[in-house]
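Peer 1: What follows is a single structure, and I will ask about it in a moment.
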Amino acid sequence: MRVLLVGGGGREHALALGLSRDPAVDALVAAPGNPGIAAVAELRDVTPTDADAVAALAVEVAADLVVIGPEAPLVAGVADAVRAKGIAVFGPSAEAARLEGSKAFAKDVMTAAGVPTARAYTCTDPESVGQALDEFGAPYVVKNDGLAAGKGVVVTDDRAVAAAHAAECGRVVIEEYLAGPEVSLFVVTDGEAALPLLPAQDFKRVGDGDTGPNTGGMGAYAPLPWAPPGLVDEVMRDVVHPTLAELRRRGTPFAGLLYVGLAITAAGPRVIEFNARFGDPETQVVLALLETPLAGLLHAAATGTLAAHPPLRWREGAAVTVVVAAEGYPAAPRTGDPITGADRPGVIHAGTRRDADGTLRSAGGRVLCGTATGPDLAAARDAAYDLVRGIELAGSHHRSDIASAAVEDRITIPA
């Protein structure tokens, strides 16, 4: 099987590692890729959101499967352009990707499907914003309706901050705050059949103790020793299958990766958001534990044959990933600094580039992450931080508490 992977971040590096380990993969091409991906794939230069260019590249490399990593190409219709060439694609159509591209659309789908989620209002002017903020009260949850690279959500007790974010975004979804630990559940689907992967938890705030602004994610771990028994079955029954059925009813079936972001509240699981692709950095830990060949799984979803796919197999133990971010991230990350200690197994490249002389440099806000497995969560955590300590990048920062609450059994679900 010849596979074309679109994207060049940490999620795509994790996907490239998984795809390269599948014995069915004869050739792996990544576009545009990054220096980490270059170790396992041929890199080609392409703009990921240029649908015609990606489709032409898929034809040129004779791809049997195209895997689209980031959200922006999906919302831009890249999957549609590739499918029009008769090539199997793992990734939803532009219309189905509106589940991530528009928070308002996702809320409308959830309401129609009877999916448990927070009450919400879509607001476009200061008056409606003020009414929604007053109704729900603090903590205020204000979400940019469109794509914002994981940083369009503000959760704050400061009403002025919430109102300012709404004004900056223009069109927002304001919703009630959901109290409880958060869970990320990835579901591989061909539009009808659906296979859940291991639940994971990520850390959106930049600072220890969940302080500071939201980021694209500062770390993650899997599995979740504190998760309620039957959680995945409940979410598949009450969230995933009703959502897929509603999208089929609308004539826009969702085939690809449905990311379900959940809060485990006193009333049970409630959907915070949907994404239309693998989440970053949760992908790093979930795929590190997946034993089932990845390309075959994604190909089955892309070709409508997922119902016949064997049950998924998982490695024993746990996985932890810790993100190393550039100085100034998330507000104004500094780039161009040299990096050492990154070319080791378990170090995932996200925002990196390599000079002609071989020097590795930072090229984004989230630069690298240390991803490790272990027989249990504590061992995996220790190994991940050992990787991080070996990375040298001037001014970089990382959270020191990834997975610590789970290791210390300090996570509770509201009664």
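Each chain in the structure tokens gets a letter, A, B and so on, in the order shown; residues start at 1 in every chain, and ligands are counted from 1 in the order they appear.
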List as a PyMOL selection string the protein and nucleic acid residues near Ala405 (chain A), meaning an atom at most 12 Å away when only C-alpha atoms are counted, but skip any in the same chain fewer than 2 places from it.
Peer 2: chain A and resi 181+201+203+208-210+221+224-226+377-378+381+400-403+407-412
Peer 1: With C-alpha atoms retained, write the just-selected residues as a short mmCIF file (atom, residue, chain, number, x, y, z; two decimals), in the first residue's frame.
Peer 2:
```cif
data_model
loop_
_atom_site.label_atom_id
_atom_site.label_comp_id
_atom_site.auth_asym_id
_atom_site.auth_seq_id
_atom_site.Cartn_x
_atom_site.Cartn_y
_atom_site.Cartn_z
CA PRO A 181 -12.60 15.98 34.40
CA GLN A 201 -6.73 13.15 28.66
CA PHE A 203 -3.87 19.48 29.15
CA ASP A 208 1.02 23.81 35.90
CA GLY A 209 -2.19 23.34 37.82
CA ASP A 210 -4.22 24.25 34.70
CA TYR A 221 -1.72 10.43 28.76
CA LEU A 224 -7.40 6.70 32.15
CA PRO A 225 -7.32 4.63 35.37
CA TRP A 226 -10.03 6.83 36.92
CA LEU A 377 1.35 5.41 34.19
CA ALA A 378 4.04 6.38 36.71
CA ARG A 381 5.52 9.56 33.01
CA SER A 400 5.81 19.60 35.04
CA ASP A 401 2.49 18.06 36.10
CA ILE A 402 1.34 16.05 33.07
CA ALA A 403 -0.48 12.93 34.36
CA VAL A 407 -0.70 8.82 39.02
CA GLU A 408 -1.50 10.12 42.51
CA ASP A 409 -5.18 9.16 42.24
CA ARG A 410 -6.33 12.78 42.73
CA ILE A 411 -8.93 12.91 39.94
CA THR A 412 -12.54 12.87 41.10
#
```
Peer 1: For region 258-263 of chain A, list every protein, DNA or RNA residue within 10 Å, evaluated using only C-alpha atoms, and leave out those in the same chain fewer than 2 positions away; present the list as a ChimeraX atom specification.
Peer 2: /A:91-92,97,99-100,116-118,177-189,191,194,196,199-201,235-236,239-240,243-244,254-256,265-266,268-279,413
Peer 1: Could you list, as a count of residues only, every residue within 9 Å of Leu287 (chain A), counting only C-alpha atoms and ignoring same-chain residues fewer than 2 positions away?
Peer 2: 13
Peer 1: I want to know what sits within 8 Å of region 134-150 of chain A, based on only C-alpha atoms, with residues of the same chain fewer than 5 positions away left out; could you give that as a list in words?
Peer 2: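 After dropping sequence-adjacent residues, the list is Ala72, Glu100, Gly101, Ser102, Lys103, Ala104, Val155, Thr156, Asp157, Asp158, Arg159, Ala162, His165, Ala166, Cys169, Gly170, Arg171, Val172, Val173, Ile174, Glu175, Glu176, Tyr177, Asn214, Thr215, Gly216 and Gly217 of chain A.
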Peer 1: Would you kindly return, as a tab-separated table (two decimals) with C-alpha atoms, in the first residue's frame, each protein, DNA or RNA residue with an atom no farther than 10 Å from any atom of Ala326 (chain A), considering only C-alpha atoms and excluding same-chain residues fewer than 2 positions away?
Peer 2:
```tsv
chain	number	residue	atom	x	y	z
A	323	VAL	CA	5.10	19.11	25.01
A	324	VAL	CA	8.16	21.36	24.87
A	328	GLY	CA	6.60	33.18	24.38
A	329	TYR	CA	4.11	30.43	23.52
A	330	PRO	CA	1.13	30.71	23.16
A	332	ALA	CA	4.08	35.18	20.66
A	333	PRO	CA	6.34	32.14	20.24
A	334	ARG	CA	9.96	32.76	19.30
A	335	THR	CA	11.28	30.67	16.41
A	336	GLY	CA	14.65	30.00	14.81
A	337	ASP	CA	16.50	28.79	17.91
A	351	GLY	CA	7.30	22.85	15.00
A	362	SER	CA	12.40	25.72	16.29
A	363	ALA	CA	9.72	26.66	13.75
A	364	GLY	CA	6.51	26.89	15.77
A	365	GLY	CA	4.98	27.34	19.19
A	366	ARG	CA	4.77	23.71	20.22
A	367	VAL	CA	8.16	22.51	19.08
A	368	LEU	CA	8.64	18.91	20.27
A	393	LEU	CA	16.08	24.75	23.36
A	394	ALA	CA	16.78	28.24	24.69
A	395	GLY	CA	13.83	29.76	26.54
A	396	SER	CA	11.62	26.69	26.12
A	397	HIS	CA	9.06	25.70	28.71
A	398	HIS	CA	6.90	22.70	29.55
```
Peer 1: Neighbours of region 76-80 of chain A within 6 Å (only C-alpha atoms; same-chain residues fewer than 3 positions away dropped), as a PyMOL selection string?
Peer 2: chain A and resi 51+73+83+93-94
Peer 1: CA of Asp382 (chain A) and CA of Asp343 (chain A), how far apart in Å?
Peer 2: 19.0 Å
Peer 1: Figure out the distance between CA of Gly370 (chain A) and CA of Ala342 (chain A), please, to one decimal in Å.
Peer 2: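 Going from CA of Ala342 (chain A) over to CA of Gly370 (chain A) covers 9.0 Å.
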Peer 1: Can you list every residue in region 199-344 of chain A that DSSP puts in helix (DSSP H, G or I), as an NGL selection string?
Peer 2: :A and (231-249 or 282-289 or 294-302 or 306-308)
Peer 1: For the selection just defined, write its residues with N, CA and C atoms to a file, as a CSV table (one decimal), in the first residue's frame.
Peer 2:
```csv
chain,number,residue,atom,x,y,z
A,231,LEU,N,-17.7,3.7,30.3
A,231,LEU,CA,-17.7,5.1,29.8
A,231,LEU,C,-17.7,5.0,28.2
A,232,VAL,N,-16.8,4.3,27.6
A,232,VAL,CA,-16.7,4.2,26.2
A,232,VAL,C,-18.0,3.7,25.6
A,233,ASP,N,-18.6,2.6,26.1
A,233,ASP,CA,-19.8,2.1,25.6
A,233,ASP,C,-21.0,3.1,25.7
A,234,GLU,N,-21.0,3.9,26.8
A,234,GLU,CA,-22.0,4.9,27.0
A,234,GLU,C,-21.9,6.0,25.9
A,235,VAL,N,-20.7,6.4,25.7
A,235,VAL,CA,-20.4,7.5,24.7
A,235,VAL,C,-20.8,7.1,23.3
A,236,MET,N,-20.4,5.8,23.0
A,236,MET,CA,-20.7,5.3,21.7
A,236,MET,C,-22.2,5.3,21.5
A,237,ARG,N,-22.9,4.8,22.5
A,237,ARG,CA,-24.4,4.7,22.4
A,237,ARG,C,-25.1,6.0,22.4
A,238,ASP,N,-24.7,7.0,23.2
A,238,ASP,CA,-25.5,8.2,23.4
A,238,ASP,C,-24.9,9.4,22.6
A,239,VAL,N,-23.7,9.3,22.1
A,239,VAL,CA,-23.1,10.4,21.4
A,239,VAL,C,-22.7,10.0,19.9
A,240,VAL,N,-21.9,9.0,19.8
A,240,VAL,CA,-21.3,8.8,18.5
A,240,VAL,C,-22.3,8.3,17.5
A,241,HIS,N,-23.0,7.2,17.8
A,241,HIS,CA,-23.9,6.6,16.8
A,241,HIS,C,-25.1,7.6,16.5
A,242,PRO,N,-25.7,8.3,17.5
A,242,PRO,CA,-26.7,9.3,17.1
A,242,PRO,C,-26.1,10.4,16.2
A,243,THR,N,-24.9,10.9,16.5
A,243,THR,CA,-24.3,11.9,15.7
A,243,THR,C,-24.1,11.4,14.2
A,244,LEU,N,-23.5,10.2,14.1
A,244,LEU,CA,-23.3,9.7,12.8
A,244,LEU,C,-24.6,9.5,12.0
A,245,ALA,N,-25.7,9.1,12.7
A,245,ALA,CA,-27.0,8.9,12.1
A,245,ALA,C,-27.6,10.2,11.7
A,246,GLU,N,-27.4,11.2,12.5
A,246,GLU,CA,-27.9,12.6,12.1
A,246,GLU,C,-27.2,13.1,10.9
A,247,LEU,N,-25.9,12.9,10.8
A,247,LEU,CA,-25.2,13.3,9.6
A,247,LEU,C,-25.6,12.5,8.3
A,248,ARG,N,-25.8,11.3,8.5
A,248,ARG,CA,-26.3,10.5,7.4
A,248,ARG,C,-27.7,11.0,6.9
A,249,ARG,N,-28.5,11.3,7.9
A,249,ARG,CA,-29.9,11.8,7.6
A,249,ARG,C,-29.8,13.1,6.8
A,282,GLU,N,-3.0,14.2,22.0
A,282,GLU,CA,-3.5,12.9,22.4
A,282,GLU,C,-3.1,11.7,21.4
A,283,THR,N,-3.0,12.1,20.1
A,283,THR,CA,-2.6,11.1,19.1
A,283,THR,C,-1.3,10.4,19.5
A,284,GLN,N,-0.4,11.2,20.0
A,284,GLN,CA,1.0,10.6,20.4
A,284,GLN,C,0.8,9.5,21.4
A,285,VAL,N,0.0,9.6,22.4
A,285,VAL,CA,-0.1,8.5,23.4
A,285,VAL,C,-1.0,7.4,22.9
A,286,VAL,N,-2.1,7.7,22.3
A,286,VAL,CA,-3.0,6.7,21.8
A,286,VAL,C,-2.4,5.8,20.8
A,287,LEU,N,-1.7,6.3,19.8
A,287,LEU,CA,-1.1,5.5,18.8
A,287,LEU,C,0.1,4.8,19.3
A,288,ALA,N,0.8,5.3,20.4
A,288,ALA,CA,1.9,4.6,21.0
A,288,ALA,C,1.5,3.3,21.6
A,289,LEU,N,0.2,3.1,21.9
A,289,LEU,CA,-0.4,1.9,22.6
A,289,LEU,C,-1.1,1.0,21.6
A,294,LEU,N,-1.9,0.3,11.7
A,294,LEU,CA,-2.7,1.6,11.5
A,294,LEU,C,-3.2,1.8,10.1
A,295,ALA,N,-2.4,1.5,9.1
A,295,ALA,CA,-2.8,1.8,7.7
A,295,ALA,C,-4.0,0.9,7.3
A,296,GLY,N,-4.0,-0.3,7.8
A,296,GLY,CA,-5.2,-1.2,7.5
A,296,GLY,C,-6.5,-0.7,8.1
A,297,LEU,N,-6.3,-0.2,9.3
A,297,LEU,CA,-7.5,0.4,10.0
A,297,LEU,C,-8.0,1.6,9.3
A,298,LEU,N,-7.2,2.5,9.0
A,298,LEU,CA,-7.6,3.8,8.3
A,298,LEU,C,-8.1,3.5,6.9
A,299,HIS,N,-7.5,2.5,6.2
A,299,HIS,CA,-8.0,2.2,4.9
A,299,HIS,C,-9.4,1.6,4.9
A,300,ALA,N,-9.7,0.8,6.0
A,300,ALA,CA,-11.0,0.2,6.1
A,300,ALA,C,-12.0,1.3,6.3
A,301,ALA,N,-11.7,2.3,7.1
A,301,ALA,CA,-12.6,3.4,7.3
A,301,ALA,C,-12.8,4.2,6.0
A,302,ALA,N,-11.7,4.4,5.2
A,302,ALA,CA,-11.8,5.1,4.0
A,302,ALA,C,-12.5,4.4,2.9
A,306,LEU,N,-15.2,-1.0,7.4
A,306,LEU,CA,-14.8,-1.0,8.8
A,306,LEU,C,-15.6,-2.1,9.6
A,307,ALA,N,-16.8,-2.4,9.2
A,307,ALA,CA,-17.6,-3.4,9.9
A,307,ALA,C,-16.9,-4.8,9.9
A,308,ALA,N,-16.1,-5.0,8.9
A,308,ALA,CA,-15.4,-6.3,8.7
A,308,ALA,C,-14.0,-6.3,9.4
```
Peer 1: Hey, can you check how far CA of Met1 (chain A) sits from CA of Leu257 (chain A)?
Peer 2: 20.2 Å
